[in-house]
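Novice: File name data10.cif; file contents mmCIF, C-alpha atoms and all ligand atoms; full text below.
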```cif
data_start
#
loop_
_atom_site.label_atom_id
_atom_site.label_comp_id
_atom_site.auth_asym_id
_atom_site.auth_seq_id
_atom_site.Cartn_x
_atom_site.Cartn_y
_atom_site.Cartn_z
CA MET A 1 -25.16 42.89 5.08
CA VAL A 2 -23.15 40.61 2.88
CA PHE A 3 -26.31 38.74 1.80
CA GLU A 4 -27.47 41.75 -0.20
CA LYS A 5 -24.48 41.54 -2.46
CA SER A 6 -24.35 39.64 -5.71
CA LEU A 7 -21.61 37.27 -6.72
CA GLU A 8 -20.39 39.94 -9.07
CA GLN A 9 -19.95 42.32 -6.14
CA ILE A 10 -18.44 39.78 -3.74
CA ALA A 11 -16.11 37.94 -6.12
CA PRO A 12 -16.06 39.73 -9.47
CA ASP A 13 -13.27 37.53 -10.77
CA THR A 14 -15.21 34.33 -10.05
CA SER A 15 -18.40 35.83 -11.42
CA GLN A 16 -16.58 36.77 -14.60
CA ALA A 17 -15.13 33.28 -15.04
CA ILE A 18 -18.61 31.77 -14.63
CA ASP A 19 -20.03 34.18 -17.21
CA GLN A 20 -17.22 33.26 -19.56
CA GLU A 21 -17.90 29.56 -19.09
CA ARG A 22 -21.58 30.07 -19.89
CA GLU A 23 -20.59 32.03 -22.98
CA ARG A 24 -18.16 29.24 -23.95
CA GLN A 25 -20.95 26.67 -23.69
CA GLU A 26 -23.28 28.86 -25.79
CA SER A 27 -20.72 29.58 -28.49
CA THR A 28 -19.16 26.15 -29.05
CA LEU A 29 -20.49 22.75 -30.09
CA GLY A 30 -20.15 20.56 -27.00
CA MET A 31 -19.59 16.97 -28.17
CA ILE A 32 -17.97 15.46 -25.10
CA ALA A 33 -20.02 12.30 -24.67
CA SER A 34 -20.21 12.53 -20.87
CA GLU A 35 -21.46 16.13 -20.76
CA ASN A 36 -24.86 17.75 -21.08
CA HIS A 37 -26.71 20.98 -20.25
CA VAL A 38 -29.18 20.86 -17.36
CA SER A 39 -32.39 22.86 -17.30
CA LYS A 40 -32.91 26.09 -15.45
CA ALA A 41 -35.06 24.10 -12.99
CA VAL A 42 -32.18 21.78 -12.11
CA LEU A 43 -29.80 24.73 -11.76
CA GLU A 44 -32.30 26.38 -9.46
CA ALA A 45 -32.53 23.28 -7.25
CA GLN A 46 -28.74 22.92 -7.15
CA GLY A 47 -28.26 26.59 -6.33
CA SER A 48 -30.77 26.48 -3.46
CA VAL A 49 -30.53 26.88 0.33
CA LEU A 50 -30.36 23.09 0.60
CA THR A 51 -26.60 23.56 0.41
CA ASN A 52 -26.87 24.86 3.99
CA LYS A 53 -28.34 21.69 5.49
CA TYR A 54 -26.60 18.80 7.18
CA ALA A 55 -28.55 15.56 6.79
CA GLU A 56 -26.27 12.66 7.68
CA GLY A 57 -28.37 9.51 7.63
CA TYR A 58 -31.43 8.74 5.51
CA PRO A 59 -34.98 10.16 5.34
CA GLY A 60 -36.75 9.65 8.66
CA ASN A 61 -33.52 8.53 10.30
CA ARG A 62 -31.05 11.42 10.51
CA TYR A 63 -28.32 12.50 12.88
CA TYR A 64 -29.49 16.15 12.73
CA GLY A 65 -32.64 18.07 13.56
CA GLY A 66 -34.60 20.14 11.08
CA CYS A 67 -34.50 17.55 8.30
CA GLN A 68 -38.23 17.37 7.51
CA HIS A 69 -37.98 19.27 4.22
CA VAL A 70 -34.78 17.70 2.96
CA ASP A 71 -36.35 14.34 3.83
CA THR A 72 -39.19 15.21 1.47
CA VAL A 73 -36.76 16.12 -1.29
CA GLU A 74 -34.68 12.96 -0.91
CA ASP A 75 -37.83 10.80 -0.85
CA GLN A 76 -38.97 12.45 -4.08
CA ALA A 77 -35.63 11.72 -5.79
CA ILE A 78 -35.73 8.09 -4.61
CA GLN A 79 -39.36 7.57 -5.60
CA ARG A 80 -38.87 9.02 -9.09
CA ALA A 81 -35.75 6.91 -9.65
CA LYS A 82 -37.65 3.78 -8.61
CA GLU A 83 -40.40 4.61 -11.09
CA LEU A 84 -37.94 5.45 -13.88
CA PHE A 85 -35.78 2.35 -13.55
CA GLY A 86 -38.02 -0.17 -11.82
CA ALA A 87 -35.35 -0.64 -9.15
CA GLU A 88 -36.10 -2.17 -5.74
CA HIS A 89 -33.84 0.07 -3.70
CA VAL A 90 -32.26 3.42 -4.60
CA ASN A 91 -29.57 5.50 -2.90
CA VAL A 92 -29.30 9.05 -4.30
CA GLN A 93 -26.51 10.24 -2.00
CA PRO A 94 -23.29 9.32 -3.88
CA HIS A 95 -21.44 12.54 -4.70
CA SER A 96 -20.34 11.09 -8.04
CA GLY A 97 -20.35 7.95 -10.14
CA THR A 98 -16.98 6.95 -8.71
CA GLN A 99 -18.38 7.25 -5.17
CA ALA A 100 -21.32 5.11 -6.25
CA ASN A 101 -18.93 2.38 -7.43
CA MET A 102 -16.97 2.71 -4.20
CA GLY A 103 -20.22 2.21 -2.28
CA VAL A 104 -20.87 -1.05 -4.11
CA TYR A 105 -17.33 -2.38 -3.67
CA PHE A 106 -17.33 -1.47 0.04
CA SER A 107 -20.69 -3.16 0.54
CA VAL A 108 -19.72 -6.62 -0.73
CA LEU A 109 -15.94 -6.84 -1.27
CA ASN A 110 -13.03 -7.13 1.11
CA PRO A 111 -9.60 -5.77 0.26
CA GLY A 112 -7.85 -8.32 -1.94
CA ASP A 113 -11.09 -9.56 -3.52
CA LYS A 114 -11.24 -9.90 -7.28
CA ILE A 115 -12.81 -7.60 -9.88
CA LEU A 116 -13.23 -8.49 -13.56
CA SER A 117 -13.97 -5.39 -15.67
CA LEU A 118 -13.56 -3.87 -19.14
CA SER A 119 -10.08 -2.54 -19.87
CA LEU A 120 -9.74 1.24 -19.77
CA SER A 121 -8.24 1.41 -23.26
CA HIS A 122 -11.17 -0.66 -24.54
CA GLY A 123 -13.75 1.70 -23.07
CA GLY A 124 -13.75 1.00 -19.31
CA HIS A 125 -13.47 3.47 -16.42
CA LEU A 126 -10.79 4.33 -13.86
CA SER A 127 -13.11 3.27 -11.02
CA HIS A 128 -13.34 -0.26 -12.46
CA GLY A 129 -9.93 -1.20 -11.11
CA HIS A 130 -7.31 0.97 -12.76
CA ASN A 131 -4.07 1.07 -10.80
CA VAL A 132 -4.14 4.87 -10.34
CA ASN A 133 -7.57 4.57 -8.66
CA PHE A 134 -8.43 3.18 -5.20
CA SER A 135 -10.23 0.32 -6.96
CA GLY A 136 -6.99 -0.91 -8.50
CA GLN A 137 -5.09 -0.49 -5.26
CA LEU A 138 -7.50 -2.28 -2.92
CA TYR A 139 -8.56 -5.16 -5.12
CA GLU A 140 -7.06 -7.71 -7.46
CA VAL A 141 -8.17 -6.80 -10.96
CA GLU A 142 -8.23 -8.50 -14.32
CA GLN A 143 -9.81 -7.00 -17.39
CA TYR A 144 -11.68 -8.18 -20.43
CA GLU A 145 -11.32 -6.56 -23.82
CA VAL A 146 -13.21 -6.06 -27.03
CA ASP A 147 -12.53 -8.37 -29.97
CA PRO A 148 -9.82 -6.55 -31.98
CA ASP A 149 -11.49 -7.46 -35.28
CA THR A 150 -15.08 -6.53 -34.52
CA GLY A 151 -14.74 -3.96 -31.73
CA TYR A 152 -17.50 -5.82 -29.86
CA ILE A 153 -17.16 -7.56 -26.51
CA ASP A 154 -16.75 -11.29 -27.01
CA TYR A 155 -18.97 -12.79 -24.30
CA ASP A 156 -17.68 -16.34 -24.72
CA ASP A 157 -14.18 -15.07 -24.16
CA LEU A 158 -15.38 -13.10 -21.14
CA ALA A 159 -16.95 -16.26 -19.72
CA ASP A 160 -13.70 -18.22 -20.19
CA HIS A 161 -11.78 -15.43 -18.52
CA ALA A 162 -14.21 -15.42 -15.59
CA ASN A 163 -13.90 -19.18 -15.19
CA GLN A 164 -10.12 -18.89 -15.03
CA PHE A 165 -9.93 -15.84 -12.77
CA ASP A 166 -12.88 -16.64 -10.48
CA PRO A 167 -13.79 -13.00 -9.72
CA ASP A 168 -15.94 -11.86 -6.79
CA ILE A 169 -17.60 -9.22 -8.93
CA ILE A 170 -17.94 -8.66 -12.67
CA VAL A 171 -18.38 -5.06 -13.78
CA SER A 172 -20.19 -4.22 -16.98
CA GLY A 173 -20.40 -0.66 -18.25
CA SER A 174 -18.11 1.74 -20.00
CA SER A 175 -17.12 5.28 -20.87
CA ALA A 176 -16.22 4.74 -24.48
CA TYR A 177 -17.75 1.47 -25.72
CA PRO A 178 -20.24 2.44 -28.44
CA ARG A 179 -22.40 -0.68 -28.20
CA GLU A 180 -25.00 -1.91 -25.73
CA PHE A 181 -23.92 -4.45 -23.15
CA GLU A 182 -25.56 -7.87 -23.16
CA TYR A 183 -26.42 -7.68 -19.48
CA ASN A 184 -28.10 -11.09 -19.55
CA ARG A 185 -24.92 -12.75 -20.84
CA ILE A 186 -22.82 -11.16 -18.10
CA ALA A 187 -25.41 -12.14 -15.50
CA GLU A 188 -25.21 -15.77 -16.67
CA THR A 189 -21.44 -15.76 -16.40
CA ALA A 190 -21.52 -14.08 -13.00
CA LYS A 191 -23.92 -16.74 -11.78
CA GLU A 192 -21.70 -19.54 -13.12
CA VAL A 193 -18.66 -18.28 -11.22
CA ASN A 194 -20.64 -17.19 -8.17
CA ALA A 195 -19.76 -13.50 -8.59
CA TYR A 196 -21.86 -10.39 -8.20
CA HIS A 197 -22.71 -8.34 -11.28
CA LEU A 198 -22.29 -4.57 -11.04
CA ALA A 199 -23.75 -2.79 -14.07
CA ASP A 200 -22.28 0.72 -14.23
CA ILE A 201 -24.66 2.64 -16.48
CA ALA A 202 -22.98 6.04 -15.87
CA HIS A 203 -23.06 7.04 -19.53
CA VAL A 204 -26.46 5.67 -20.40
CA THR A 205 -28.51 6.45 -17.27
CA GLY A 206 -30.85 8.68 -19.31
CA LEU A 207 -31.11 6.23 -22.20
CA VAL A 208 -32.00 3.39 -19.82
CA ALA A 209 -34.52 5.62 -18.00
CA ALA A 210 -36.18 6.43 -21.33
CA ASP A 211 -36.12 2.78 -22.41
CA VAL A 212 -34.05 3.42 -25.53
CA HIS A 213 -31.21 1.28 -24.15
CA LYS A 214 -31.39 -2.18 -22.53
CA SER A 215 -31.86 -2.09 -18.79
CA PRO A 216 -29.68 -4.16 -16.46
CA VAL A 217 -32.48 -4.27 -13.86
CA GLY A 218 -33.10 -7.96 -13.16
CA HIS A 219 -29.65 -8.88 -14.51
CA ALA A 220 -27.43 -7.23 -11.89
CA GLU A 221 -27.44 -7.13 -8.11
CA PHE A 222 -26.04 -3.60 -8.29
CA ILE A 223 -26.48 -0.77 -10.74
CA THR A 224 -24.58 2.50 -10.49
CA GLY A 225 -24.94 5.61 -12.55
CA SER A 226 -24.07 9.25 -13.04
CA THR A 227 -26.84 11.81 -12.89
CA HIS A 228 -25.24 14.42 -15.17
CA LYS A 229 -24.53 12.58 -18.42
CA THR A 230 -27.46 11.39 -20.56
CA ILE A 231 -29.86 12.12 -17.70
CA ARG A 232 -29.89 15.83 -16.99
CA ALA A 233 -30.20 15.83 -13.21
CA GLY A 234 -27.04 17.66 -12.20
CA ARG A 235 -23.63 16.39 -11.16
CA GLY A 236 -23.73 13.32 -8.92
CA GLY A 237 -24.17 9.58 -8.63
CA ILE A 238 -26.84 7.00 -7.88
CA ILE A 239 -26.89 3.35 -6.75
CA MET A 240 -29.74 0.91 -7.36
CA CYS A 241 -29.83 -2.57 -5.90
CA GLN A 242 -32.00 -5.48 -4.98
CA GLU A 243 -33.77 -5.08 -1.64
CA GLU A 244 -31.61 -7.68 0.12
CA TYR A 245 -28.52 -5.45 -0.32
CA ALA A 246 -30.26 -2.19 0.66
CA ASP A 247 -28.81 -1.86 4.16
CA ASP A 248 -25.30 -2.80 3.07
CA ILE A 249 -25.35 -0.24 0.28
CA ASP A 250 -26.77 2.53 2.44
CA SER A 251 -24.21 2.01 5.17
CA ALA A 252 -21.35 1.74 2.66
CA ILE A 253 -22.24 5.26 1.45
CA PHE A 254 -23.01 6.75 4.86
CA PRO A 255 -21.17 6.37 7.22
CA GLY A 256 -18.86 4.08 5.20
CA SER A 257 -17.42 6.47 2.66
CA GLN A 258 -19.24 9.81 2.79
CA GLY A 259 -20.39 12.32 5.38
CA GLY A 260 -23.31 14.68 4.90
CA PRO A 261 -25.08 14.27 1.56
CA LEU A 262 -25.06 17.22 -0.86
CA MET A 263 -28.76 17.95 -0.39
CA HIS A 264 -28.79 20.68 -3.07
CA ASN A 265 -27.56 18.06 -5.53
CA VAL A 266 -30.13 15.57 -4.23
CA ALA A 267 -32.70 18.29 -5.06
CA GLY A 268 -31.18 18.54 -8.54
CA LYS A 269 -31.69 14.80 -8.90
CA ALA A 270 -35.33 15.10 -7.76
CA ALA A 271 -35.90 17.82 -10.36
CA GLY A 272 -34.01 16.10 -13.17
CA PHE A 273 -35.64 12.71 -12.54
CA GLY A 274 -39.00 14.48 -12.67
CA GLU A 275 -38.09 15.87 -16.09
CA ALA A 276 -36.97 12.41 -17.16
CA GLN A 277 -40.48 11.08 -16.47
CA THR A 278 -42.01 13.25 -19.20
CA ASP A 279 -42.71 12.23 -22.81
CA HIS A 280 -40.53 15.12 -23.80
CA PHE A 281 -37.53 13.40 -22.24
CA VAL A 282 -38.26 10.11 -24.00
CA GLU A 283 -38.30 12.00 -27.31
CA TYR A 284 -35.03 13.63 -26.30
CA ALA A 285 -33.37 10.28 -25.58
CA GLU A 286 -34.59 8.84 -28.89
CA GLN A 287 -33.23 11.88 -30.69
CA VAL A 288 -29.84 11.50 -28.93
CA VAL A 289 -29.52 8.01 -30.40
CA SER A 290 -30.75 8.88 -33.90
CA ASN A 291 -28.43 11.87 -33.97
CA ALA A 292 -25.52 9.60 -33.07
CA LYS A 293 -26.44 7.11 -35.79
CA VAL A 294 -26.65 9.89 -38.40
CA LEU A 295 -23.28 11.24 -37.33
CA ALA A 296 -21.76 7.75 -37.49
CA ASP A 297 -23.17 7.33 -41.02
CA VAL A 298 -21.60 10.60 -42.14
CA PHE A 299 -18.26 9.57 -40.66
CA ASN A 300 -18.43 6.15 -42.30
CA ASP A 301 -19.46 7.61 -45.67
CA LEU A 302 -16.63 10.13 -45.61
CA GLY A 303 -13.94 7.61 -44.70
CA LEU A 304 -13.44 7.80 -40.95
CA SER A 305 -13.05 4.51 -39.17
CA LEU A 306 -15.27 3.87 -36.13
CA VAL A 307 -14.56 1.29 -33.45
CA SER A 308 -17.16 -1.50 -33.98
CA GLY A 309 -18.27 0.28 -37.15
CA GLY A 310 -20.87 2.54 -35.56
CA THR A 311 -22.98 3.04 -32.48
CA ASP A 312 -26.07 1.83 -30.60
CA LYS A 313 -26.20 4.81 -28.31
CA HIS A 314 -25.05 8.40 -27.77
CA LEU A 315 -21.35 8.16 -28.58
CA MET A 316 -18.85 6.86 -31.10
CA LEU A 317 -15.14 6.27 -31.00
CA VAL A 318 -13.20 7.46 -34.04
CA ASP A 319 -10.00 5.50 -34.70
CA LEU A 320 -7.78 7.90 -36.66
CA ARG A 321 -4.99 5.44 -37.39
CA GLU A 322 -6.18 4.43 -40.85
CA SER A 323 -7.77 7.59 -42.18
CA HIS A 324 -5.36 10.10 -40.60
CA PRO A 325 -2.20 8.22 -39.60
CA ASP A 326 -0.28 11.45 -38.95
CA LEU A 327 -2.93 12.94 -36.70
CA THR A 328 -2.99 11.98 -33.01
CA GLY A 329 -6.11 12.14 -30.84
CA LYS A 330 -4.52 14.99 -28.95
CA GLU A 331 -3.95 17.01 -32.13
CA ALA A 332 -7.45 16.27 -33.41
CA GLU A 333 -8.95 17.43 -30.10
CA SER A 334 -6.88 20.58 -30.28
CA ILE A 335 -7.63 21.62 -33.88
CA LEU A 336 -11.33 20.88 -33.42
CA SER A 337 -11.32 22.94 -30.24
CA ASP A 338 -9.75 25.83 -32.18
CA VAL A 339 -12.81 25.95 -34.43
CA GLY A 340 -15.28 25.59 -31.55
CA ILE A 341 -16.01 21.86 -31.73
CA ILE A 342 -15.28 20.31 -28.34
CA VAL A 343 -14.45 16.58 -28.21
CA ASN A 344 -11.95 14.57 -26.21
CA LYS A 345 -8.98 12.48 -27.25
CA ASN A 346 -9.48 8.84 -26.36
CA THR A 347 -7.49 5.65 -26.45
CA VAL A 348 -8.69 3.05 -28.94
CA PRO A 349 -8.52 -0.76 -28.72
CA GLY A 350 -4.95 -1.82 -29.52
CA GLU A 351 -3.69 1.67 -28.68
CA THR A 352 0.00 2.27 -29.30
CA ARG A 353 0.22 5.89 -28.15
CA SER A 354 0.13 7.12 -24.54
CA PRO A 355 -3.22 8.02 -22.88
CA MET A 356 -2.17 11.68 -23.02
CA VAL A 357 -1.73 11.48 -26.82
CA THR A 358 -3.94 8.62 -28.11
CA SER A 359 -5.05 7.68 -31.62
CA GLY A 360 -8.74 8.39 -31.29
CA ILE A 361 -11.45 10.88 -30.42
CA ARG A 362 -14.72 10.19 -28.63
CA VAL A 363 -17.71 12.07 -29.98
CA GLY A 364 -21.15 12.28 -28.36
CA THR A 365 -24.54 13.80 -29.09
CA PRO A 366 -26.30 14.42 -25.71
CA SER A 367 -25.42 18.13 -25.41
CA LEU A 368 -26.18 19.09 -29.01
CA THR A 369 -29.47 17.23 -28.82
CA THR A 370 -30.37 19.23 -25.71
CA ARG A 371 -29.81 22.39 -27.78
CA GLY A 372 -32.31 21.10 -30.35
CA PHE A 373 -30.04 19.60 -33.01
CA GLU A 374 -31.69 17.00 -35.20
CA GLU A 375 -30.52 14.77 -38.07
CA LYS A 376 -30.10 17.66 -40.52
CA GLU A 377 -27.77 19.57 -38.20
CA MET A 378 -25.82 16.43 -37.32
CA GLU A 379 -25.00 15.91 -40.99
CA VAL A 380 -23.61 19.43 -41.13
CA VAL A 381 -21.60 18.92 -37.93
CA GLY A 382 -20.16 15.62 -39.24
CA GLU A 383 -19.00 17.29 -42.43
CA LEU A 384 -17.45 20.18 -40.49
CA ILE A 385 -15.47 17.76 -38.32
CA ILE A 386 -14.13 15.90 -41.34
CA ASP A 387 -13.28 19.14 -43.14
CA VAL A 388 -11.11 20.15 -40.20
CA LEU A 389 -9.44 16.74 -39.78
CA ASP A 390 -8.71 16.54 -43.52
CA ASN A 391 -7.25 20.05 -43.58
CA PRO A 392 -5.49 20.50 -40.28
CA ASP A 393 -3.35 23.40 -41.52
CA ASP A 394 -5.73 25.17 -43.89
CA GLU A 395 -6.73 28.50 -42.38
CA ALA A 396 -9.39 29.22 -45.00
CA VAL A 397 -11.13 25.94 -44.19
CA HIS A 398 -10.93 26.65 -40.48
CA ASN A 399 -12.40 30.13 -40.90
CA ARG A 400 -15.28 28.72 -42.88
CA VAL A 401 -15.93 26.08 -40.19
CA VAL A 402 -15.83 28.70 -37.43
CA GLU A 403 -18.50 30.65 -39.27
CA SER A 404 -20.75 27.60 -39.55
CA VAL A 405 -20.21 26.76 -35.87
CA ASN A 406 -21.20 30.31 -34.92
CA ASP A 407 -24.31 30.15 -37.10
CA LEU A 408 -25.38 26.86 -35.51
CA CYS A 409 -24.79 28.17 -32.00
CA ASP A 410 -26.81 31.32 -32.74
CA GLU A 411 -29.63 29.29 -34.20
CA PHE A 412 -29.72 26.89 -31.21
CA PRO A 413 -29.08 28.84 -28.01
CA ILE A 414 -28.97 26.92 -24.71
CA TYR A 415 -30.04 29.35 -22.03
CA ALA A 416 -31.04 32.37 -24.11
CA GLY A 417 -34.46 33.68 -23.27
CA THR A 418 -34.26 32.27 -19.71
CA PRO A 419 -33.35 34.27 -16.61
CA LEU A 420 -29.82 32.91 -16.99
CA ASP A 421 -29.48 35.03 -20.09
CA ASP A 422 -28.34 38.35 -18.76
CA SER A 423 -27.55 39.67 -22.20
CA THR A 424 -31.19 40.77 -22.48
C1 LIG B 1 -18.43 8.91 -15.90
C2 LIG B 1 -18.31 7.54 -15.40
C3 LIG B 1 -18.35 7.25 -14.03
C4 LIG B 1 -18.48 8.30 -12.96
O1 LIG B 1 -17.66 9.35 -13.04
P1 LIG B 1 -17.66 10.54 -11.99
O2 LIG B 1 -16.85 11.54 -12.71
O3 LIG B 1 -17.03 10.03 -10.75
O4 LIG B 1 -19.08 10.96 -11.75
C5 LIG B 1 -18.33 5.95 -13.61
N1 LIG B 1 -18.28 4.94 -14.50
C6 LIG B 1 -18.26 5.16 -15.83
C7 LIG B 1 -18.26 4.00 -16.74
C8 LIG B 1 -18.26 6.48 -16.32
O5 LIG B 1 -18.22 6.68 -17.62
#
```
So that I can check it, write out the structure of this file as structure tokens.
Specialist:
Amino acid sequence: MVFEKSLEQIAPDTSQAIDQERERQESTLGMIASENHVSKAVLEAQGSVLTNKYAEGYPGNRYYGGCQHVDTVEDQAIQRAKELFGAEHVNVQPHSGTQANMGVYFSVLNPGDKILSLSLSHGGHLSHGHNVNFSGQLYEVEQYEVDPDTGYIDYDDLADHANQFDPDIIVSGSSAYPREFEYNRIAETAKEVNAYHLADIAHVTGLVAADVHKSPVGHAEFITGSTHKTIRAGRGGIIMCQEEYADDIDSAIFPGSQGGPLMHNVAGKAAGFGEAQTDHFVEYAEQVVSNAKVLADVFNDLGLSLVSGGTDKHLMLVDLRESHPDLTGKEAESILSDVGIIVNKNTVPGETRSPMVTSGIRVGTPSLTTRGFEEKEMEVVGELIIDVLDNPDDEAVHNRVVESVNDLCDEFPIYAGTPLDDST
């Protein structure tokens, strides 16, 4: 019977690629700001028989029989999210953060309606109205930007822009803006122009849950998030809203834009939200932010230029144009990757290069903090990064950095000692 066979026996090539990916995660320093490592418990939930179950609809109100146990799981995820965020209504079915945003747009906008959001090259997200995304194709979009001198959002300017454009929805939230949003300011502006406020907290879901980042609850009709970034609940999305929009949101997700929910991922959310309710997680989230601040200090001290001068949260955006004018974001990503430090190239405000080349790199601390890195290790990592950027062609330097990266990875394993570690 095929069920007796392991993945290695059924699809050895796939099994091997998965093993190699796990080894890659163990043996490199993951500093992509949107990534993290989930616990064995979350992996177990996501790899469960819940992947077999159809559950179109919502708990207690499904289009399929046999849903009593998946109902329990979905209710747990919803209840924990309500407790974590203080939200009135929660939908845990969006397959991703982009689907969550789609759910909000579909619930209150008509095609041709107007979105005001942060520009992609100033830290925004494709799903906030970029022309290559459905959101830019269905709606009329204008974007606000950060102040070129300070790197901070200028809320007076945003308010003027809103008064001129008269948007139906204002989106706050970002992928690469290193500062907290003033949700109350955006809420005031939205009220003035009679627009909804969607706060997309994709990157900071975990920081908001742990109360180390301002919460938009009470300042936004709609809040969307990812469940795999700073909160370690497995890949997926979430929508929170005020009770009066609950039915609209639920029907915009199912049947509006999705079919059967990924119940194994909903189980991952239930598990990960449970972890996020522990003191241990609050300490984790605090450490993510202090690690980022230490890293930003090292970068500032050693001459790198950071957009807005630093960070309030888990990520920073390095603008290479002054310190390393000959180095593009793409090259920096590539040479760092060669020594086992994984970051991504990123456009910076006032970008002159293409999005495939860029003049910046985005650097985040959630994954390293999950491994156990604290301030001391972040100082070392910051110095390693600068060593490589300052000496892009020096093989001796690179070899020395590779050694340090290996030592750090050995000292802070991710899954070693758990059943996922089959080296033992
Ligand atoms: C990551 C992110 C999303 C969601 O991305 P998915 O890849 O679709 O889960 C949405 N908004 C912002 C601001 C993000 O950074």
Novice: Could you give me the residues within 10 Å of ligand LIG 1 (chain B), counting only C-alpha atoms and all ligand atoms, as an MDAnalysis selection string?
Specialist: chainID A and resid 33:35 94:102 118 120 123:128 171:177 199:204 224:229 235:238
Novice: For atom CA of A:Pro366 and atom CA of A:Val397, quote the distance in Å rounded to one decimal.
Specialist: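 Going from atom CA of A:Pro366 over to atom CA of A:Val397 covers 26.5 Å.
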Novice: Have a look at atom CA of A:Asn344 and atom CA of A:Lys214 and let me know their distance in Å, one decimal.
Specialist: 25.9 Å
Novice: Would you pick out the contacts of A:Leu84 at 8 Å or less, using only C-alpha atoms, so that residues sharing its chain but fewer than 6 positions from it are not included, and give the list as a count of residues only?
Specialist: 5
Novice: Can you measure atom CA of A:Glu379 to atom CA of A:Val282 for me? One decimal in Å is fine.
Specialist: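 Taking atom CA of A:Glu379 as the start and atom CA of A:Val282 as the end point, the length is 22.3 Å.
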Novice: All heavy atoms for stretch 7-11 of chain A, written as an mmCIF file, in the frame of the given file, could you do that?
Specialist:
```cif
data_model
loop_
_atom_site.group_PDB
_atom_site.id
_atom_site.type_symbol
_atom_site.label_atom_id
_atom_site.label_comp_id
_atom_site.auth_asym_id
_atom_site.auth_seq_id
_atom_site.Cartn_x
_atom_site.Cartn_y
_atom_site.Cartn_z
ATOM 1 N N LEU A 7 -22.906 37.904 -6.496
ATOM 2 C CA LEU A 7 -21.610 37.270 -6.720
ATOM 3 C C LEU A 7 -20.662 38.236 -7.414
ATOM 4 O O LEU A 7 -19.478 38.321 -7.084
ATOM 5 C CB LEU A 7 -21.790 35.993 -7.574
ATOM 6 C CG LEU A 7 -20.512 35.248 -7.932
ATOM 7 C CD1 LEU A 7 -19.779 34.762 -6.681
ATOM 8 C CD2 LEU A 7 -20.811 34.071 -8.859
ATOM 9 N N GLU A 8 -21.224 38.991 -8.336
ATOM 10 C CA GLU A 8 -20.390 39.940 -9.070
ATOM 11 C C GLU A 8 -19.753 40.959 -8.140
ATOM 12 O O GLU A 8 -18.614 41.380 -8.329
ATOM 13 C CB GLU A 8 -21.270 40.631 -10.117
ATOM 14 C CG GLU A 8 -20.469 41.319 -11.170
ATOM 15 C CD GLU A 8 -21.366 41.994 -12.208
ATOM 16 O OE1 GLU A 8 -22.606 41.797 -12.174
ATOM 17 O OE2 GLU A 8 -20.805 42.721 -13.027
ATOM 18 N N GLN A 9 -20.506 41.339 -7.088
ATOM 19 C CA GLN A 9 -19.950 42.320 -6.140
ATOM 20 C C GLN A 9 -18.961 41.662 -5.176
ATOM 21 O O GLN A 9 -17.950 42.238 -4.823
ATOM 22 C CB GLN A 9 -21.096 42.967 -5.342
ATOM 23 C CG GLN A 9 -21.935 43.897 -6.198
ATOM 24 C CD GLN A 9 -23.241 44.288 -5.504
ATOM 25 O OE1 GLN A 9 -23.931 43.444 -4.923
ATOM 26 N NE2 GLN A 9 -23.570 45.567 -5.550
ATOM 27 N N ILE A 10 -19.275 40.447 -4.744
ATOM 28 C CA ILE A 10 -18.440 39.780 -3.740
ATOM 29 C C ILE A 10 -17.144 39.235 -4.354
ATOM 30 O O ILE A 10 -16.069 39.351 -3.773
ATOM 31 C CB ILE A 10 -19.200 38.584 -3.113
ATOM 32 C CG1 ILE A 10 -20.447 39.066 -2.375
ATOM 33 C CG2 ILE A 10 -18.303 37.743 -2.218
ATOM 34 C CD1 ILE A 10 -20.244 39.424 -0.936
ATOM 35 N N ALA A 11 -17.277 38.590 -5.489
ATOM 36 C CA ALA A 11 -16.110 37.940 -6.120
ATOM 37 C C ALA A 11 -16.187 38.177 -7.628
ATOM 38 O O ALA A 11 -16.532 37.276 -8.385
ATOM 39 C CB ALA A 11 -16.086 36.453 -5.790
#
```
